[in-house]
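Below is structure_32.cif, holding mmCIF, C-alpha atoms and all ligand atoms.
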data_data
#
loop_
_atom_site.label_atom_id
_atom_site.label_comp_id
_atom_site.auth_asym_id
_atom_site.auth_seq_id
_atom_site.Cartn_x
_atom_site.Cartn_y
_atom_site.Cartn_z
CA MET A 674 0.00 0.00 0.00
CA LYS A 675 1.20 3.54 -0.80
CA ASP A 676 2.56 6.01 1.71
CA LEU A 677 -0.50 7.61 3.25
CA THR A 678 1.20 10.40 5.20
CA ASP A 679 0.70 12.91 2.39
CA GLU A 680 -2.24 11.28 0.67
CA ILE A 681 -5.83 10.39 1.49
CA GLN A 682 -7.43 7.44 -0.23
CA VAL A 683 -11.10 7.96 -0.93
CA TYR A 684 -13.47 5.13 -1.79
CA LEU A 685 -16.86 6.15 -3.17
CA LEU A 686 -19.01 3.02 -2.96
CA PRO A 687 -22.19 2.61 -4.99
CA LEU A 688 -24.19 0.62 -2.44
CA ASN A 689 -27.23 -0.04 -4.63
CA GLN A 690 -25.29 -2.79 -6.45
CA PHE A 691 -25.59 -5.01 -3.37
CA ASP A 692 -28.61 -7.27 -3.10
CA ASP A 693 -29.88 -9.06 0.01
CA ALA A 694 -27.73 -12.14 -0.69
CA ILE A 695 -24.48 -10.19 -0.62
CA VAL A 696 -25.64 -8.15 2.37
CA ASN A 697 -26.34 -11.36 4.28
CA ARG A 698 -22.98 -12.85 3.33
CA SER A 699 -21.17 -9.65 4.30
CA LEU A 700 -22.88 -9.73 7.70
CA GLN A 701 -20.73 -12.76 8.48
CA LEU A 702 -17.63 -10.53 8.44
CA LEU A 703 -19.01 -8.40 11.27
CA THR A 704 -18.53 -8.99 14.98
CA ASP A 705 -21.43 -10.22 17.13
CA GLU A 706 -21.88 -6.69 18.42
CA GLU A 707 -21.97 -5.24 14.90
CA GLN A 708 -24.43 -7.93 13.82
CA GLY A 709 -26.58 -6.93 16.81
CA SER A 710 -26.45 -3.27 15.73
CA ALA A 711 -27.37 -4.27 12.17
CA ALA A 712 -30.33 -6.34 13.43
CA ARG A 713 -31.70 -3.30 15.25
CA ILE A 714 -31.80 -1.24 12.04
CA ARG A 715 -35.26 -1.83 10.64
CA HIS A 716 -35.05 0.50 7.62
CA GLY A 717 -33.87 -1.64 4.69
CA GLU A 718 -31.60 0.88 2.99
CA THR A 719 -30.05 2.01 6.28
CA HIS A 720 -29.46 -1.63 7.26
CA ARG A 721 -27.79 -2.38 3.92
CA ASN A 722 -25.65 0.74 4.13
CA PHE A 723 -24.42 0.01 7.65
CA VAL A 724 -23.57 -3.63 6.84
CA MET A 725 -21.90 -2.91 3.50
CA VAL A 726 -19.82 0.06 4.65
CA ARG A 727 -18.69 -1.66 7.85
CA SER A 728 -17.78 -4.88 6.00
CA LEU A 729 -15.98 -3.00 3.19
CA LEU A 730 -14.12 -0.99 5.83
CA ARG A 731 -13.05 -4.28 7.42
CA VAL A 732 -11.89 -5.64 4.03
CA LEU A 733 -9.92 -2.44 3.37
CA LEU A 734 -8.24 -2.44 6.80
CA ALA A 735 -7.50 -6.16 6.54
CA ARG A 736 -5.83 -5.65 3.16
CA HIS A 737 -3.71 -2.89 4.66
CA PHE A 738 -2.57 -5.06 7.57
CA ARG A 739 -2.55 -8.32 5.59
CA GLY A 740 -5.05 -9.83 8.02
CA GLU A 741 -8.59 -11.10 7.96
CA PRO A 742 -11.57 -8.70 7.90
CA GLY A 743 -13.25 -10.37 10.87
CA THR A 744 -10.22 -9.97 13.14
CA ILE A 745 -9.83 -6.19 12.80
CA GLN A 746 -10.61 -4.64 16.17
CA LEU A 747 -12.22 -1.24 16.38
CA ALA A 748 -12.48 1.18 19.30
CA PHE A 749 -14.82 4.15 19.65
CA SER A 750 -14.43 7.61 21.17
CA PRO A 751 -17.02 8.72 23.76
CA LYS A 752 -18.89 10.49 20.94
CA GLY A 753 -18.75 7.43 18.69
CA LYS A 754 -15.82 8.10 16.32
CA PRO A 755 -14.34 4.75 15.30
CA ARG A 756 -10.58 4.06 15.14
CA LEU A 757 -8.33 1.02 15.24
CA ALA A 758 -8.17 -0.53 18.70
CA GLY A 759 -4.79 0.10 20.32
CA THR A 760 -4.27 3.45 18.57
CA GLU A 761 -4.74 6.98 19.89
CA PRO A 762 -7.29 9.23 18.15
CA ASP A 763 -5.87 10.73 14.92
CA GLN A 764 -2.68 8.64 15.19
CA GLY A 765 -1.46 5.87 12.94
CA LEU A 766 -3.90 4.69 10.29
CA VAL A 767 -6.93 6.98 10.45
CA PHE A 768 -10.24 6.42 8.70
CA ASN A 769 -13.76 7.76 8.60
CA VAL A 770 -16.95 6.62 6.87
CA SER A 771 -20.32 7.96 5.83
CA HIS A 772 -23.36 6.60 4.00
CA SER A 773 -26.50 8.11 2.53
CA GLY A 774 -28.94 6.81 -0.06
CA ASP A 775 -27.07 4.86 -2.72
CA TYR A 776 -23.57 5.85 -1.63
CA GLY A 777 -21.02 4.97 0.97
CA LEU A 778 -17.78 6.84 1.50
CA ILE A 779 -14.63 5.57 3.18
CA ALA A 780 -11.43 7.62 3.49
CA ILE A 781 -8.14 6.49 4.99
CA THR A 782 -4.90 8.29 5.71
CA TYR A 783 -2.24 8.53 8.44
CA ASP A 784 -1.68 10.69 11.51
CA THR A 785 -4.27 13.42 11.23
CA ALA A 786 -7.82 14.34 12.19
CA MET A 787 -10.11 13.56 9.24
CA GLY A 788 -13.84 13.24 8.63
CA VAL A 789 -16.11 12.60 5.65
CA ASP A 790 -19.77 13.07 4.89
CA VAL A 791 -22.06 12.18 2.00
CA GLU A 792 -25.62 13.50 1.88
CA ARG A 793 -28.45 12.62 -0.47
CA TRP A 794 -30.35 15.81 -1.32
CA ARG A 795 -33.72 16.00 0.33
CA SER A 796 -36.38 18.65 -0.15
CA HIS A 797 -37.21 19.79 3.36
CA SER A 798 -40.62 21.36 3.88
CA ASN A 799 -39.01 24.25 5.74
CA PRO A 800 -35.28 24.47 4.93
CA GLU A 801 -35.13 28.06 6.28
CA SER A 802 -35.84 26.89 9.83
CA ILE A 803 -33.04 24.26 9.64
CA ALA A 804 -30.68 26.81 8.11
CA ASP A 805 -31.57 29.34 10.85
CA ARG A 806 -30.60 26.81 13.53
CA CYS A 807 -27.59 25.14 11.93
CA PHE A 808 -25.92 27.71 9.66
CA SER A 809 -23.59 30.45 10.85
CA ALA A 810 -24.51 34.08 10.12
CA GLU A 811 -22.13 34.14 7.10
CA GLU A 812 -23.52 30.91 5.67
CA LEU A 813 -27.09 32.03 6.18
CA ALA A 814 -26.51 35.33 4.38
CA TYR A 815 -24.79 33.55 1.46
CA TRP A 816 -27.45 30.83 1.20
CA LYS A 817 -30.46 33.16 1.40
CA ALA A 818 -29.02 35.39 -1.36
CA LEU A 819 -28.75 32.48 -3.83
CA PRO A 820 -31.31 32.07 -6.61
CA PRO A 821 -33.91 29.49 -5.43
CA GLU A 822 -32.78 26.91 -8.02
CA HIS A 823 -29.28 26.81 -6.43
CA GLN A 824 -30.38 26.64 -2.81
CA LEU A 825 -30.97 22.87 -2.58
CA GLN A 826 -27.45 22.05 -3.80
CA ALA A 827 -25.81 24.74 -1.65
CA PHE A 828 -27.76 23.68 1.44
CA HIS A 829 -26.44 20.12 1.17
CA ALA A 830 -22.93 21.20 0.20
CA LEU A 831 -22.71 23.35 3.35
CA TRP A 832 -24.22 20.56 5.41
CA SER A 833 -21.79 17.90 4.19
CA PHE A 834 -18.73 20.13 4.84
CA LYS A 835 -19.98 21.04 8.31
CA GLU A 836 -20.55 17.39 9.17
CA ALA A 837 -17.18 16.41 7.71
CA PHE A 838 -15.55 18.99 10.02
CA ALA A 839 -17.65 17.85 13.00
CA LYS A 840 -16.62 14.25 12.32
CA ALA A 841 -12.95 15.18 11.81
CA THR A 842 -12.91 16.70 15.31
CA GLY A 843 -14.57 13.53 16.66
CA GLU A 844 -17.35 15.53 18.32
CA GLY A 845 -19.98 14.86 15.69
CA ILE A 846 -23.05 17.06 15.68
CA SER A 847 -22.69 17.75 19.40
CA ILE A 848 -20.13 20.35 18.26
CA GLY A 849 -23.09 22.56 17.25
CA LEU A 850 -23.10 22.81 13.47
CA GLU A 851 -23.64 26.59 13.66
CA SER A 852 -20.31 26.91 15.51
CA CYS A 853 -18.27 26.55 12.31
CA ALA A 854 -18.58 28.74 9.23
CA ILE A 855 -17.75 27.73 5.69
CA SER A 856 -17.19 29.81 2.61
CA LEU A 857 -18.33 28.08 -0.59
CA PRO A 858 -17.57 30.46 -3.49
CA THR A 859 -14.28 29.74 -5.31
CA HIS A 860 -13.09 26.77 -3.26
CA PRO A 861 -14.65 25.55 0.00
CA ARG A 862 -12.82 26.59 3.16
CA LEU A 863 -13.47 27.04 6.86
CA ILE A 864 -13.63 30.68 7.92
CA SER A 865 -14.36 30.24 11.62
CA ILE A 866 -14.32 27.32 14.05
CA PRO A 867 -14.45 26.92 17.85
CA GLU A 868 -11.16 28.11 19.35
CA ARG A 869 -10.27 24.73 20.84
CA PHE A 870 -9.72 23.36 17.32
CA GLY A 871 -7.07 25.94 16.43
CA SER A 872 -7.20 28.19 13.41
CA PRO A 873 -9.48 27.62 10.38
CA GLU A 874 -6.32 27.77 8.23
CA ASP A 875 -5.13 24.54 9.90
CA TRP A 876 -7.98 22.65 8.20
CA TRP A 877 -8.68 21.66 4.61
CA LEU A 878 -11.99 21.00 2.90
CA ASN A 879 -12.40 19.15 -0.39
CA ASP A 880 -15.45 18.45 -2.43
CA ILE A 881 -16.02 14.83 -3.43
CA ASP A 882 -18.04 14.35 -6.60
CA ALA A 883 -20.76 11.82 -5.83
CA GLY A 884 -22.89 12.77 -8.83
CA ASP A 885 -26.24 14.45 -9.24
CA GLY A 886 -28.48 14.56 -6.19
CA TYR A 887 -25.63 14.10 -3.69
CA SER A 888 -23.15 16.31 -1.87
CA ALA A 889 -20.02 14.91 -0.29
CA GLY A 890 -17.03 16.40 1.42
CA ILE A 891 -13.89 15.64 3.35
CA CYS A 892 -12.19 17.68 6.06
CA TYR A 893 -8.73 17.13 7.52
CA ARG A 894 -6.14 18.92 9.60
CA GLY A 895 -2.50 19.85 8.91
CA ASP A 896 -0.55 20.11 5.69
CA GLN A 897 -2.40 19.75 2.42
CA ARG A 898 -2.66 16.16 1.17
CA LYS A 899 -3.36 14.64 -2.23
CA LEU A 900 -6.75 13.00 -2.61
CA HIS A 901 -6.55 9.69 -4.40
CA TYR A 902 -9.85 8.29 -5.63
CA ALA A 903 -9.36 4.58 -5.20
CA GLU A 904 -11.14 2.00 -7.34
CA PRO A 905 -13.51 0.07 -5.06
CA ARG A 906 -13.80 -2.97 -7.38
CA GLU A 907 -11.10 -4.96 -5.59
CA LEU A 908 -12.80 -4.52 -2.22
CA VAL A 909 -16.17 -5.33 -3.67
CA ASN A 910 -14.85 -8.45 -5.42
CA TYR A 911 -13.68 -9.78 -2.08
CA LEU A 912 -17.30 -9.73 -0.90
CA PHE A 913 -18.65 -11.23 -4.13
CA ASN A 914 -16.12 -14.06 -3.84
CA LEU A 915 -16.92 -14.82 -0.22
CA VAL A 916 -17.90 -18.45 0.19
CA ILE A 917 -19.65 -18.82 3.48
C1 LIG B 1001 -21.51 11.12 13.51
C2 LIG B 1001 -22.73 11.81 13.03
C3 LIG B 1001 -22.36 13.22 12.61
C4 LIG B 1001 -23.24 10.95 11.85
O1 LIG B 1001 -24.09 11.63 11.00
P1 LIG B 1001 -24.91 10.94 9.84
O2 LIG B 1001 -24.95 11.90 8.70
O3 LIG B 1001 -26.19 10.45 10.37
O4 LIG B 1001 -24.15 9.63 9.43
P2 LIG B 1001 -22.92 9.35 8.46
O5 LIG B 1001 -23.34 8.25 7.59
O6 LIG B 1001 -22.37 10.57 7.81
O7 LIG B 1001 -21.79 8.86 9.46
C5 LIG B 1001 -21.97 7.74 10.22
C6 LIG B 1001 -20.60 7.22 10.59
O8 LIG B 1001 -19.86 8.21 11.28
C7 LIG B 1001 -18.97 7.55 12.20
N1 LIG B 1001 -19.11 8.28 13.45
C8 LIG B 1001 -20.00 8.10 14.45
N2 LIG B 1001 -19.78 9.02 15.44
C9 LIG B 1001 -18.76 9.79 15.02
C10 LIG B 1001 -18.10 10.91 15.58
N3 LIG B 1001 -18.44 11.42 16.78
N4 LIG B 1001 -17.07 11.47 14.90
C11 LIG B 1001 -16.70 10.98 13.69
N5 LIG B 1001 -17.31 9.91 13.10
C12 LIG B 1001 -18.32 9.33 13.76
C13 LIG B 1001 -19.39 6.09 12.27
O9 LIG B 1001 -18.43 5.32 11.59
C14 LIG B 1001 -20.71 6.06 11.53
O10 LIG B 1001 -20.90 4.99 10.66
P3 LIG B 1001 -21.29 3.52 11.09
O11 LIG B 1001 -22.04 3.62 12.37
O12 LIG B 1001 -22.05 2.96 9.95
O13 LIG B 1001 -19.95 2.90 11.21
C15 LIG B 1001 -23.83 11.91 14.10
O14 LIG B 1001 -24.48 10.69 14.23
C16 LIG B 1001 -23.24 12.27 15.47
O15 LIG B 1001 -22.87 13.38 15.72
N6 LIG B 1001 -23.14 11.33 16.35
C17 LIG B 1001 -22.55 11.58 17.67
C18 LIG B 1001 -23.63 11.39 18.69
C19 LIG B 1001 -23.10 11.64 20.07
O16 LIG B 1001 -22.66 12.72 20.39
N7 LIG B 1001 -23.13 10.62 20.89
C20 LIG B 1001 -22.65 10.75 22.23
C21 LIG B 1001 -22.72 9.45 22.91
S1 LIG B 1001 -24.32 9.23 23.60
#

Please, can you express the file's structure as structure tokens?
Amino acid sequence: MKDLTDEIQVYLLPLNQFDDAIVNRSLQLLTDEEQGSAARIRHGETHRNFVMVRSLLRVLLARHFRGEPGTIQLAFSPKGKPRLAGTEPDQGLVFNVSHSGDYGLIAITYDTAMGVDVERWRSHSNPESIADRCFSAEELAYWKALPPEHQLQAFHALWSFKEAFAKATGEGISIGLESCAISLPTHPRLISIPERFGSPEDWWLNDIDAGDGYSAGICYRGDQRKLHYAEPRELVNYLFNLVI
């Protein structure tokens, strides 16, 4: 595997290619606890997405460490951010995942805080009230001034970058999404963040193209890294070839 100290590998996973048979086979790669979590998810698409992203993450990590997917041990921060057991947060091999609709997203790198988010666009009945609560003053002013036909895309773009930042810090949405501000025109960047996370210039945002109807973003800390869009076929083939 390539040196991941100056690169981030990004896997965009089309999850709608997986039918129930492959989902059920992939379940076998998960721990008892993960299988229990999967069993509690009643919504079909959400169940599929959890199982497929967690099992593909296991396949990816196992390939990296030349081990078996089922033996990878994960640990979780108090707010739920997963990492490899036996590592400190943001140290060693670092990964983050997201799933929404037909897509899963997995990113891996080394030795930095990093988070990802993919969002399927949804038409909210009252987007203004969500924006009022979750957008910073700068974001709100920018978003409200957009022509109506651009607001849906911009709403989700802002949302996915804010969540990517919230996940990079490990706090998740408990950070208060309104506490960070993002500028979208030209290239996306953070313009203000809670003081405890340093300066906005310490963080990078990148758009990930997940196609029409989706917004996706990645946020990471430190020096700029190259984004490498990895071909997911090899990971997926592992699951298709599973004989259980
Ligand atoms: C993380 C969070 C932003 C996810 O938002 P979402 O858009 O619904 O879901 P996504 O698909 O983008 O991301 C889910 C993934 O984020 C990861 N994740 C969970 N908590 C995380 C956190 N605090 N930081 C970074 N990543 C996190 C998990 O891998 C999860 O996927 P999985 O459960 O399938 O493995 C949101 O659920 C959250 O903030 N959770 C924290 C809740 C909390 O504060 N709990 C305190 C303990 S009670």

Just want the 6 Å neighbourhood of A:Tyr893, counted on only C-alpha atoms, with same-chain residues fewer than 6 positions away dropped. Output as a compact mmCIF listing (two decimals) with C-alpha atoms, keeping the file's coordinate frame.
# COMPACT_ATOMS: atom_id res chain seq x y z
CA ALA A 786 -7.82 14.34 12.19
CA MET A 787 -10.11 13.56 9.24
CA TRP A 876 -7.98 22.65 8.20
CA TRP A 877 -8.68 21.66 4.61

Protein and nucleic residues near ligand LIG 1001 (chain B), 7 Å, all atoms listed in the file, as a PyMOL selection string: chain A and resi 723+726-727+751-755+769-773+788-791+836+839-847

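In this model, the gap between atom CA of A:Ala814 and atom CA of A:Gly895 comes to 28.9 Å.
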
Interatomic distance, atom CA of A:Ile848 to atom CA of A:Phe870 (Å, one decimal): 10.9 Å

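The gap separating atom CA of A:Asp882 from atom CA of A:Ser856 is 18.0 Å, in Å to one decimal.
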